[in-house]
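Have a look at the structure below before the remarks.
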Number of protein chains: 2
Amino acid sequence: MFRETLEKMANNCDGAIATLVMGFDGIPVESVIKDESVDVHTVSTEFSFVLTQVRKAAEILEVGLLDEVSIRSENLTFVVRVLTEEYFLGMALSPQGNFGKGRFLMRLALPELRAELSGA
Amino acid sequence: MFRETLEKMANNCDGAIATLVMGFDGIPVESVIKDESVDVHTVSTEFSFVLTQVRKAAEILEVGLLDEVSIRSENLTFVVRVLTEEYFLGMALSPQGNFGKGRFLMRLALPELRAELSGA
């Protein structure tokens with residue numbers, strides 16, 4: 001469950017460090033980590049709290065449901081797609097990683113991951 | 001100051017709603033608003049607080065300086081490039097707007113805006 005989809009994404013994107021499904025509470029459901037030098041769980045958990053605040057801001061501003069967030073820093077890019085009210089799909093990439101391809105692969109995986117989360 | 005650069009960006013990107021230079025304290029320095037139906041200043045101010053938290057998270061996680069953040073919701077896309085310790089460049093786009101072109105134009109404008117902010 002989830003693992004195969006996450007592996008496919010991580011393996012098909014240059015510079016992907018990790019892919020994961022995580023709750024907005026910061027608890028990972030499943031993760032595929034390709035580069036152990038980055039503490040992906042800590043990074044994701046920390047950003048999950050930020051995401052919760054972005055969601056709240058979007059709600060206050062009435063700009064509709066949050067769909068995607070990407071954060072690029074000097075040493076790491078982190079892309080998030082909201083899966084459901086409670087879970088998101090995350091991908092961590094190196095700064096030289098293929099950001100566009102990563103986003104594309106994440107978009108492709110959404111229906112499958114959502115179906116799995118709903119128990120379909 | 002700033003205005004010409006912000007106007008060029010807003011005019012050359014399909015679906016651009018606004019471009020602005022804003023302090024991380026949520027106070028706008030200069031803005032160009034193409035679609036008055038969106039309260040861009042409120043949106044930007046609200047997201048500036050979120051950005052401050054993203055910066056703090058990046059600092060804690062030691063992933064280097066924050067460079068770019070993009071937030072896509074159902075009705076609005078908001079892209080940010082960090083200009084200096086205190087200011088950022090923001091672009092608001094409609095969901096159908098040209099996200100890639102917007103990011104490209106923002107990247108091109110960085111040196112000019114940074115020079116203006118440093119009083120060069």
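The way I read the labels, and the way they are meant: chains A, B, ... in the order of the structure tokens, residue 1 as the first residue of every chain, and ligand 1 as the first ligand shown, with later ones counted on from there.
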| query | What lies within 12 Å of Glu36 (chain B) using only C-alpha atoms, ignoring chain neighbours under 2 positions off, as JSON, numbers by chain? | reply | {"B": [16, 17, 18, 32, 33, 34, 38, 39, 40, 41, 92]}
Residues as selected, C-alpha atoms, written as a JSON list (two decimals), in the first residue's frame, can you do that?
```json
[["chain", "number", "residue", "atom", "x", "y", "z"],
["B", 16, "ALA", "CA", -1.08, 37.58, -13.22],
["B", 17, "ILE", "CA", -3.34, 39.31, -10.70],
["B", 18, "ALA", "CA", -0.69, 41.30, -8.88],
["B", 32, "VAL", "CA", 0.89, 46.56, -9.04],
["B", 33, "ILE", "CA", -2.65, 45.20, -8.97],
["B", 34, "LYS", "CA", -4.28, 44.10, -12.21],
["B", 38, "VAL", "CA", -8.83, 39.93, -5.22],
["B", 39, "ASP", "CA", -7.76, 41.67, -2.01],
["B", 40, "VAL", "CA", -4.08, 41.16, -2.76],
["B", 41, "HIS", "CA", -2.78, 43.13, 0.20],
["B", 92, "ALA", "CA", -0.49, 36.40, -7.30]]
```
| DSSP-assigned strand (DSSP E) members of chain B, reported as a PyMOL selection string | chain B and resi 16-23+28-33+66-73+77-82+87-93
| request: Check every residue of chain A for an atom within 12 Å of chain B, counting only C-alpha atoms, and provide those that qualify as a PyMOL selection string. | output: chain A and resi 37-82+92-95+99-100
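Residues surrounding Glu30 (chain B) within 12 Å are Met1, Phe2, Arg3, Glu4, Thr5, Leu6, Glu7, Ala18, Thr19, Leu20, Val21, Met22, Gly23, Gly26, Val40, His41, Tyr87, Phe88, Leu89, Gly90, Leu113 and Leu117 of chain B [only C-alpha atoms; sequence separation below 4 positions excluded].
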Going by DSSP on the backbone, which bits of region 32-70 of chain B are helix (DSSP H, G or I)? Write them as a CSV table (one decimal) with C-alpha atoms, in the first residue's frame, please.
```csv
chain,number,residue,atom,x,y,z
B,40,VAL,CA,-4.1,41.2,-2.8
B,41,HIS,CA,-2.8,43.1,0.2
B,42,THR,CA,-4.7,41.1,2.7
B,43,VAL,CA,-3.7,37.8,1.0
B,44,SER,CA,0.0,38.9,0.9
B,45,THR,CA,0.0,40.1,4.5
B,46,GLU,CA,-1.6,36.8,5.7
B,47,PHE,CA,0.9,34.8,3.8
B,48,SER,CA,3.9,36.9,4.9
B,49,PHE,CA,3.3,35.6,8.5
B,50,VAL,CA,3.3,32.1,7.1
B,51,LEU,CA,6.5,32.8,5.3
B,52,THR,CA,8.2,34.0,8.5
B,53,GLN,CA,7.3,30.6,9.9
B,54,VAL,CA,8.6,28.8,6.9
B,55,ARG,CA,11.9,30.7,7.3
B,56,LYS,CA,12.1,29.7,10.9
B,57,ALA,CA,11.5,26.1,10.0
B,58,ALA,CA,14.2,26.2,7.4
B,59,GLU,CA,16.6,27.7,9.9
B,60,ILE,CA,15.8,25.0,12.5
B,61,LEU,CA,16.2,22.3,9.9
```
Both chains have the same sequence, so superpose chain A on chain B over all Cα atoms paired in order and return it as a compact mmCIF listing (two decimals) with C-alpha atoms, in the first residue's frame.
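Result written to result-v1.txt:
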```txt
# COMPACT_ATOMS: atom_id res chain seq x y z
CA MET A 1 11.46 52.60 -7.95
CA PHE A 2 10.26 48.97 -8.16
CA ARG A 3 7.10 49.99 -10.00
CA GLU A 4 8.39 49.61 -13.54
CA THR A 5 9.84 46.16 -12.82
CA LEU A 6 6.64 45.03 -11.11
CA GLU A 7 4.49 46.31 -13.98
CA LYS A 8 6.62 44.54 -16.57
CA MET A 9 6.23 41.27 -14.70
CA ALA A 10 2.47 41.65 -14.24
CA ASN A 11 1.93 42.61 -17.88
CA ASN A 12 4.05 39.83 -19.36
CA CYS A 13 2.53 36.92 -17.45
CA ASP A 14 -0.85 35.49 -18.44
CA GLY A 15 -3.17 35.32 -15.47
CA ALA A 16 -1.08 37.57 -13.22
CA ILE A 17 -3.34 39.30 -10.70
CA ALA A 18 -0.69 41.30 -8.88
CA THR A 19 3.02 41.69 -8.25
CA LEU A 20 4.47 43.28 -5.16
CA VAL A 21 7.49 43.91 -2.99
CA MET A 22 6.61 43.39 0.66
CA GLY A 23 8.36 43.25 4.00
CA PHE A 24 8.25 40.01 5.99
CA ASP A 25 6.36 42.11 8.52
CA GLY A 26 3.44 42.17 6.03
CA ILE A 27 3.80 45.82 5.00
CA PRO A 28 3.83 46.39 1.24
CA VAL A 29 6.58 48.56 -0.25
CA GLU A 30 5.14 48.73 -3.76
CA SER A 31 2.45 46.81 -5.61
CA VAL A 32 0.88 46.56 -9.04
CA ILE A 33 -2.65 45.20 -8.98
CA LYS A 34 -4.28 44.10 -12.22
CA ASP A 35 -7.43 42.52 -10.83
CA GLU A 36 -9.13 44.47 -8.06
CA SER A 37 -11.54 41.62 -7.29
CA VAL A 38 -8.82 39.93 -5.21
CA ASP A 39 -7.74 41.68 -2.00
CA VAL A 40 -4.08 41.16 -2.75
CA HIS A 41 -2.77 43.14 0.22
CA THR A 42 -4.71 41.08 2.73
CA VAL A 43 -3.68 37.84 1.03
CA SER A 44 -0.01 38.87 0.93
CA THR A 45 0.02 40.07 4.51
CA GLU A 46 -1.56 36.85 5.72
CA PHE A 47 0.96 34.75 3.76
CA SER A 48 3.88 36.91 4.94
CA PHE A 49 3.27 35.61 8.46
CA VAL A 50 3.30 32.06 7.14
CA LEU A 51 6.53 32.82 5.27
CA THR A 52 8.17 33.95 8.48
CA GLN A 53 7.32 30.56 9.95
CA VAL A 54 8.65 28.75 6.89
CA ARG A 55 11.89 30.69 7.29
CA LYS A 56 12.11 29.72 10.94
CA ALA A 57 11.49 26.07 10.05
CA ALA A 58 14.21 26.17 7.36
CA GLU A 59 16.58 27.66 9.93
CA ILE A 60 15.83 24.99 12.53
CA LEU A 61 16.23 22.26 9.91
CA GLU A 62 19.49 23.74 8.64
CA VAL A 63 18.45 23.39 4.99
CA GLY A 64 19.98 26.75 4.08
CA LEU A 65 18.39 30.10 3.35
CA LEU A 66 14.82 30.14 2.08
CA ASP A 67 14.66 31.02 -1.60
CA GLU A 68 11.18 30.44 -3.03
CA VAL A 69 7.74 29.44 -1.81
CA SER A 70 4.67 28.78 -3.89
CA ILE A 71 1.19 28.16 -2.61
CA ARG A 72 -1.57 26.98 -4.91
CA SER A 73 -5.16 26.91 -3.80
CA GLU A 74 -8.37 26.39 -5.79
CA ASN A 75 -8.81 30.08 -6.60
CA LEU A 76 -5.36 31.61 -6.27
CA THR A 77 -1.68 30.86 -6.77
CA PHE A 78 0.84 32.86 -4.78
CA VAL A 79 4.56 32.73 -5.58
CA VAL A 80 7.25 34.28 -3.42
CA ARG A 81 10.96 34.87 -3.97
CA VAL A 82 13.02 36.05 -1.05
CA LEU A 83 14.82 39.31 -1.94
CA THR A 84 16.69 40.12 1.24
CA GLU A 85 16.56 39.30 4.94
CA GLU A 86 13.62 41.71 5.22
CA TYR A 87 11.80 41.79 1.89
CA PHE A 88 10.22 39.45 -0.63
CA LEU A 89 8.85 39.64 -4.15
CA GLY A 90 5.35 38.21 -4.52
CA MET A 91 3.17 37.37 -7.49
CA ALA A 92 -0.49 36.40 -7.31
CA LEU A 93 -1.94 34.48 -10.25
CA SER A 94 -5.29 33.05 -11.22
CA PRO A 95 -5.40 29.22 -11.16
CA GLN A 96 -5.21 29.27 -14.98
CA GLY A 97 -2.27 31.68 -14.92
CA ASN A 98 1.12 30.82 -16.37
CA PHE A 99 2.92 29.64 -13.24
CA GLY A 100 6.14 28.74 -15.08
CA LYS A 101 6.35 32.07 -16.88
CA GLY A 102 5.62 33.90 -13.64
CA ARG A 103 8.48 32.13 -11.88
CA PHE A 104 10.79 32.84 -14.80
CA LEU A 105 9.97 36.56 -14.86
CA MET A 106 10.45 36.78 -11.11
CA ARG A 107 13.87 35.18 -11.36
CA LEU A 108 14.89 37.64 -14.06
CA ALA A 109 13.82 40.58 -11.91
CA LEU A 110 15.72 39.54 -8.78
CA PRO A 111 19.05 41.30 -9.41
CA GLU A 112 17.36 44.60 -10.28
CA LEU A 113 15.04 44.53 -7.27
CA ARG A 114 17.87 43.55 -4.92
CA ALA A 115 19.99 46.38 -6.25
CA GLU A 116 17.15 48.84 -5.70
CA LEU A 117 16.59 47.57 -2.16
CA SER A 118 20.25 48.01 -1.33
CA GLY A 119 20.06 51.55 -2.65
CA ALA A 120 22.43 50.80 -5.53
```
